[in-house]
Amino acid sequence: MSRRFESRPQTADTVQKSDPRRVLLGIGGGIAAYKGPELVRALTARGFEVRCALTAAALEFVAPLALQTMSGHGVRVALFDREEEGQIDHIRLADEADLVVVAPATADLLAKMAGGHADDLLTTLLLATRAPVLVAPAMNVNMWDHPATQANVELLRERGVSFVGPDAGYLACGWEGAGRMSDPAVIAERVEALLAPRTLAGETVLITAGGTREPLDPVRALTNRSSGKMGFAIAAAAARRGAEVVLVAGPTPLPTPDGVKRVDVETALEMHEAVATELASATVFVGAAAVADFRPERRAAHKIKKESLGGSAGDGSLELRLVPNPDILAEVGARSRAEGGARVVVGFAAESRDLRAAARRKLSQKQCDLVVANDISRAEAGFESDSNAVVFVWPDRDDEVLELAPKPAIAGELLDRIEALRRERRR
Ligand code: CTP
C-alpha cells in the first residue's frame, strides 16, 4: 500500500514507526523566523532529515538559501510553482513527513490551522498531513493572550497538536511577557521526544544521579567530582521512551529533563531515604550516583574555626572521623531479590584500575542484573565529561565493551538492554 493512503491518527502517541526521522519544518512570518537555520541545525544534528516550507511573509525574516544550505534540501514557498512541484509535489511532502514542526507559528497561522484553511503551501501541507504536528508559537503577548488565539490553541490541542512554548521574556515588539519562540534546542528535544518509540511505556524507572555532599559544618562539605550527566541522560532517554521516571539527584546545576519527576537531595542519607520512598513502584532501578561511602560523624553547628583547633598533638591539625553511609544499591539489590527479582537492578562502577574485575565483584556483592563499568582514569570519559567509554558486565554472559560515545548514546544502549531484561521477566 502506498504511504499516502495509510491512515494515521494525528497524535504523537500513536507513532510507532521504526525509524521516524523526517521532519517537515513550517516557518511562519514572524521575527523568530530568523532562528530557522539554527533550528534546522539542531534537528539535523540529531539525525533528522529536514525539509522547509515557508509562508510568503517568512521570506521577510529568513533567507531561504540559509535554510537550504543547513538542510541540504531545496526550500518550498509557493503552492503552485511548476518547478518546485516538478521536484516533489506538495502532497508527497506532507505524506513523507514523520512529524511537522511549525516554528514560529504566528497568531494568523494558528487561526488558519484551527479554521482548516489551505490558502498557501504551509496551510495546505498542515491540512494534508497525517503526521503529528508540533507548534512553537511566537507573537506579541497581547495577541497570545487574546481569547481568539487561546480558543484556537485549545481547539488544536484537542485535535492532538502538541505545543512547545511560547516562553516569557522581552519581545521584539517591545512588550514583555509570554510570546517568545522556544529555544531551537528545546524544540529539537521535543521533536525527538515525540518521535521516540514508546518502548518503556508502563515501566517506572528510578534513577540516582550526581554526587552527594556530606557537610562538615555550615560551610564545608565532602563531595566528589560526579556531574550527574550520565544519570540525567538516562532519565531523559527513559522519559522519551514513555517510562515514568523518578530522578533522585545530588547537587547539580543540570536542568530537569522533560517529563521527569526530580527529587533533589544533598547527602547519602537523604538519597537513601528518597530511594526507599520511591522504590516500591519502580520496575527498574539504576544507581548512577557517586554516593559518598562515608560521612563526617559529626556536623558542626557553626563554622569550624582554626583557632579552636588544638589538634590531638596540639599542632593545629584537624582529625575527621568518618562513619559509613548505607549502600543504597546493595539494599535495592537485596530487596529486589527478596521480592522475587522482577525489578531490573543496574549499578555503575567507577574504577581507576582493574576495571572489569572490580565491576564483577560489585555485580555479585550488590546483586545487580548488570553493572556499567567505566574507567575514570581516561581523560575523555567518566566524571564531568560529555562522553563515556563503558563495559557492560553481566552475571551470565560475556562483557560488552562499548566504544567512546556521547552519554546520551550510552544511555540509549543501556535502555535497550534494560528493555530486553524487562521483556524476559514479564513473560
Ligand atoms: N552505591 C550506592 N550507595 C553507596 C555507594 C555506592 O548506591 N553508598 C552505588 C553507586 O551508585 C554505583 C555502585 O554502587 O551504582 C558502585 O559505586 P562505586 O562508588 O563505584 O563503588 P563502591 O561500592 O562505593 O565501592 P568502592 O568505593 O570501594 O569502589
# chains A, B, ... in the order shown; residues from 1 in each chain; ligands from 1
call {"tool": "residues_around", "arguments": {"residues": "range 69-80 of chain A", "least_positions_apart": "3", "cutoff": "8 Å", "atoms": "only C-alpha atoms", "output": "ChimeraX atom specification"}}
result
/A:37,40-41,44,49-56,64-66,84-85,90,120-122
call {"tool": "select_by_dssp", "arguments": {"residues": "range 235-378 of chain A", "states": "helix (DSSP H, G or I)", "output": "number ranges by chain"}}
result
A: 235-240, 268-281, 306-308, 328-338, 355-365
call {"tool": "residues_near_ligand", "arguments": {"ligand": "ligand 1", "cutoff": "10 Å", "atoms": "only C-alpha atoms and all ligand atoms", "output": "NGL selection string"}}
result
:A and (207-212 or 231 or 268-269 or 271-272 or 275 or 285-294 or 324-333 or 345-352 or 355 or 358-359 or 361-363 or 365-366 or 368 or 371-374)
call {"tool": "residues_around", "arguments": {"residues": "Ile410 in chain A", "least_positions_apart": "5", "cutoff": "9 Å", "atoms": "only C-alpha atoms", "output": "PyMOL selection string"}}
result
chain A and resi 230+233-234+387-390+402+404-405+415
call {"tool": "closest_residue", "arguments": {"among": "A:Glu297, A:Glu96, A:Asp183, A:Glu154", "to": "Ala114 in chain A", "atoms": "only C-alpha atoms"}}
result
A:Glu154
